[in-house]
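Colleague: My structure is below; once you've seen it, I'll send some questions.
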Amino acid sequence: MLIRIAHHLEEGFIALLLALMTLITFSQVVARYVFGTGFGWALELTTYLFAWLVLFGVSYGIKVGAHIGIDVVVRQLPHALRRAVGLLAVLCCCAYCIILLVGAVGYVHKLYSIGIEAQDLPIPRWIPFIMLPIGLALALLRLLQVTWYTVLGQQEGLRLADEAREAIEAVEGIEVVEAVETFEALHPTAAAQAAHKEKAP
């Protein structure tokens, strides 16, 4: 139950960021080209929202397997070796994420100590930059979860997106729908009889 709630919260937060970016950009375009004015802070705020979206989306992409990777060679390996390579890759990602996280925490702390304000927004710069360590911490948490599942044998490492397979499935689905619609248009009687047989007990 808690996992489902967290999943919905993540999706809702991503949708909120996208909606805010779209709304601010659209308002800026209308204000500039219709009313001849604009908001000086709109570009900076949109940039920060986009950065938040990317940093938050890294961990979400790990969870749903949306990241793209090249695994042509790895797929040819035996299961045990494929799992070992996947575990090594996840551990390398964890190490890289830890390095970035340490640097991000130090950077945000310096911004907080110096007290620099944002360029156009009347807020301290460390506030929008706080998403940098938060996003990296979330990504590290997801990577640690993948590491644990890989050790238990429930995964073979990171789940990667397969754009080629998804594109083929989408095209095949479209072709099937078009074939059915064409058959129904050319043979309405036969299509009606087939539908009646499917409904019959």
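In the structure tokens, the first chain shown is A, the next is B, and so on; residue numbers restart at 1 for each chain, and ligands run from 1 in the order shown.
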Output as a tab-separated table one row per residue of segment 8-55 of chain A within 12 Å of segment 130-144 of chain A: the closest atom pair and its distance in Å to one decimal place, counting only C-alpha atoms, sorted by chain and residue number ascending.

Modeller:
residue	atom	partner	partner_atom	distance
A:Glu10	CA	A:Leu138	CA	11.1
A:Tyr48	CA	A:Met131	CA	9.3
A:Leu49	CA	A:Met131	CA	9.9
A:Phe50	CA	A:Met131	CA	11.1
A:Ala51	CA	A:Met131	CA	8.3
A:Trp52	CA	A:Met131	CA	6.1
A:Leu53	CA	A:Gly135	CA	9.4
A:Val54	CA	A:Gly135	CA	8.6
A:Leu55	CA	A:Gly135	CA	4.9

Colleague: Can you tell me, as a list in words, what residues are no more than 12 Å from segment 75-80 of chain A when counting only C-alpha atoms, ignoring any on the same chain fewer than 3 positions away?

Modeller: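 Everything that qualifies: Gly69, Ile70, Asp71, Val72, Arg83, Ala84, Val85, Gly86, Leu87, Thr150, Val151, Gly153, Gln154, Gln155, Glu156, Gly157 and Leu160 of chain A.
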
Colleague: Counting only C-alpha atoms, which of A:Ala31, A:Val73, A:Val146, A:Ala118 gets nearest to Thr47 of chain A?

Modeller: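 Ranking A:Ala31, A:Val73, A:Val146, A:Ala118 by distance to Thr47 of chain A, first place goes to A:Ala118.
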
Colleague: How many Å separate atom CA of Val105 of chain A from atom CA of His67 of chain A?

Modeller: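 Pair atom CA of Val105 of chain A / atom CA of His67 of chain A returns 24.9 Å.
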
Colleague: Determine, counting only C-alpha atoms, which protein, DNA and RNA residues have an atom within 8 Å of an atom of Ala42 of chain A; residues of the same chain fewer than 2 positions away are not included. Present the result as a PyMOL selection string.

Modeller: chain A and resi 24-25+28+39-40+44-46

Colleague: Out of segment 37-140 of chain A, which residues get alpha helix (DSSP H) from DSSP, as a PDB file with C-alpha atoms, in the first residue's frame?

Modeller:
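And here is the file that came out, states.pdb:
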ATOM      1  CA  ALA A  42       9.684  33.160 -16.081  1.00  0.00           C
ATOM      2  CA  LEU A  43      12.737  31.831 -17.915  1.00  0.00           C
ATOM      3  CA  GLU A  44      14.729  31.194 -14.755  1.00  0.00           C
ATOM      4  CA  LEU A  45      11.800  29.512 -13.010  1.00  0.00           C
ATOM      5  CA  THR A  46      11.152  27.288 -16.025  1.00  0.00           C
ATOM      6  CA  THR A  47      14.831  26.348 -16.108  1.00  0.00           C
ATOM      7  CA  TYR A  48      14.763  25.359 -12.454  1.00  0.00           C
ATOM      8  CA  LEU A  49      11.555  23.369 -12.931  1.00  0.00           C
ATOM      9  CA  PHE A  50      13.110  21.535 -15.874  1.00  0.00           C
ATOM     10  CA  ALA A  51      16.191  20.741 -13.793  1.00  0.00           C
ATOM     11  CA  TRP A  52      13.944  19.434 -11.017  1.00  0.00           C
ATOM     12  CA  LEU A  53      12.081  17.313 -13.552  1.00  0.00           C
ATOM     13  CA  VAL A  54      15.313  15.788 -14.877  1.00  0.00           C
ATOM     14  CA  LEU A  55      16.818  15.125 -11.447  1.00  0.00           C
ATOM     15  CA  PHE A  56      13.605  13.643 -10.095  1.00  0.00           C
ATOM     16  CA  GLY A  57      13.054  11.688 -13.291  1.00  0.00           C
ATOM     17  CA  VAL A  58      16.400   9.899 -12.952  1.00  0.00           C
ATOM     18  CA  SER A  59      15.233   7.892  -9.947  1.00  0.00           C
ATOM     19  CA  TYR A  60      11.775   7.357 -11.429  1.00  0.00           C
ATOM     20  CA  GLY A  61      13.348   6.099 -14.658  1.00  0.00           C
ATOM     21  CA  ILE A  62      15.422   3.587 -12.696  1.00  0.00           C
ATOM     22  CA  LYS A  63      12.313   2.309 -10.969  1.00  0.00           C
ATOM     23  CA  VAL A  64      10.188   1.841 -14.087  1.00  0.00           C
ATOM     24  CA  VAL A  72      23.436  -6.490 -27.061  1.00  0.00           C
ATOM     25  CA  VAL A  73      26.550  -8.289 -25.830  1.00  0.00           C
ATOM     26  CA  VAL A  74      25.270  -8.832 -22.288  1.00  0.00           C
ATOM     27  CA  ARG A  75      22.122 -10.559 -23.535  1.00  0.00           C
ATOM     28  CA  HIS A  79      22.188 -16.127 -16.906  1.00  0.00           C
ATOM     29  CA  ALA A  80      24.721 -16.268 -14.063  1.00  0.00           C
ATOM     30  CA  LEU A  81      27.318 -14.226 -15.922  1.00  0.00           C
ATOM     31  CA  ARG A  82      24.664 -11.792 -17.132  1.00  0.00           C
ATOM     32  CA  ARG A  83      23.575 -11.269 -13.553  1.00  0.00           C
ATOM     33  CA  ALA A  84      27.193 -10.719 -12.416  1.00  0.00           C
ATOM     34  CA  VAL A  85      27.770  -8.130 -15.142  1.00  0.00           C
ATOM     35  CA  GLY A  86      24.506  -6.425 -14.218  1.00  0.00           C
ATOM     36  CA  LEU A  87      25.513  -6.297 -10.563  1.00  0.00           C
ATOM     37  CA  LEU A  88      28.895  -4.802 -11.473  1.00  0.00           C
ATOM     38  CA  ALA A  89      27.190  -2.162 -13.622  1.00  0.00           C
ATOM     39  CA  VAL A  90      24.793  -1.226 -10.806  1.00  0.00           C
ATOM     40  CA  LEU A  91      27.666  -0.949  -8.322  1.00  0.00           C
ATOM     41  CA  CYS A  92      29.528   1.353 -10.721  1.00  0.00           C
ATOM     42  CA  CYS A  93      26.389   3.499 -10.994  1.00  0.00           C
ATOM     43  CA  CYS A  94      26.157   3.605  -7.187  1.00  0.00           C
ATOM     44  CA  ALA A  95      29.782   4.732  -6.885  1.00  0.00           C
ATOM     45  CA  TYR A  96      29.274   7.441  -9.508  1.00  0.00           C
ATOM     46  CA  CYS A  97      26.083   8.601  -7.803  1.00  0.00           C
ATOM     47  CA  ILE A  98      27.823   8.794  -4.423  1.00  0.00           C
ATOM     48  CA  ILE A  99      30.593  10.954  -5.902  1.00  0.00           C
ATOM     49  CA  LEU A 100      28.040  13.326  -7.409  1.00  0.00           C
ATOM     50  CA  LEU A 101      26.005  13.365  -4.193  1.00  0.00           C
ATOM     51  CA  VAL A 102      29.005  14.365  -2.071  1.00  0.00           C
ATOM     52  CA  GLY A 103      29.861  17.152  -4.505  1.00  0.00           C
ATOM     53  CA  ALA A 104      26.234  18.324  -4.649  1.00  0.00           C
ATOM     54  CA  VAL A 105      25.931  18.517  -0.872  1.00  0.00           C
ATOM     55  CA  GLY A 106      29.131  20.552  -0.659  1.00  0.00           C
ATOM     56  CA  TYR A 107      28.010  22.867  -3.450  1.00  0.00           C
ATOM     57  CA  VAL A 108      24.587  23.541  -1.915  1.00  0.00           C
ATOM     58  CA  HIS A 109      26.209  24.115   1.480  1.00  0.00           C
ATOM     59  CA  LYS A 110      28.521  26.734  -0.041  1.00  0.00           C
ATOM     60  CA  LEU A 111      25.568  28.477  -1.680  1.00  0.00           C
ATOM     61  CA  TYR A 112      23.787  28.495   1.661  1.00  0.00           C
ATOM     62  CA  SER A 113      26.837  29.866   3.481  1.00  0.00           C
ATOM     63  CA  ILE A 114      27.502  32.621   0.958  1.00  0.00           C
ATOM     64  CA  TRP A 126      20.362  27.202  -2.615  1.00  0.00           C
ATOM     65  CA  ILE A 127      16.583  26.656  -2.522  1.00  0.00           C
ATOM     66  CA  PRO A 128      16.193  25.631  -6.187  1.00  0.00           C
ATOM     67  CA  PHE A 129      19.576  23.888  -6.099  1.00  0.00           C
ATOM     68  CA  MET A 131      16.938  19.353  -5.666  1.00  0.00           C
ATOM     69  CA  LEU A 132      20.438  18.394  -6.803  1.00  0.00           C
ATOM     70  CA  PRO A 133      21.350  16.375  -3.689  1.00  0.00           C
ATOM     71  CA  ILE A 134      17.723  15.258  -3.220  1.00  0.00           C
ATOM     72  CA  GLY A 135      17.512  13.873  -6.749  1.00  0.00           C
ATOM     73  CA  LEU A 136      20.874  12.134  -6.457  1.00  0.00           C
ATOM     74  CA  ALA A 137      19.898  10.660  -3.079  1.00  0.00           C
ATOM     75  CA  LEU A 138      16.675   9.283  -4.590  1.00  0.00           C
ATOM     76  CA  ALA A 139      18.616   7.841  -7.521  1.00  0.00           C
ATOM     77  CA  LEU A 140      21.093   6.223  -5.132  1.00  0.00           C
TER      78      LEU A 140
END
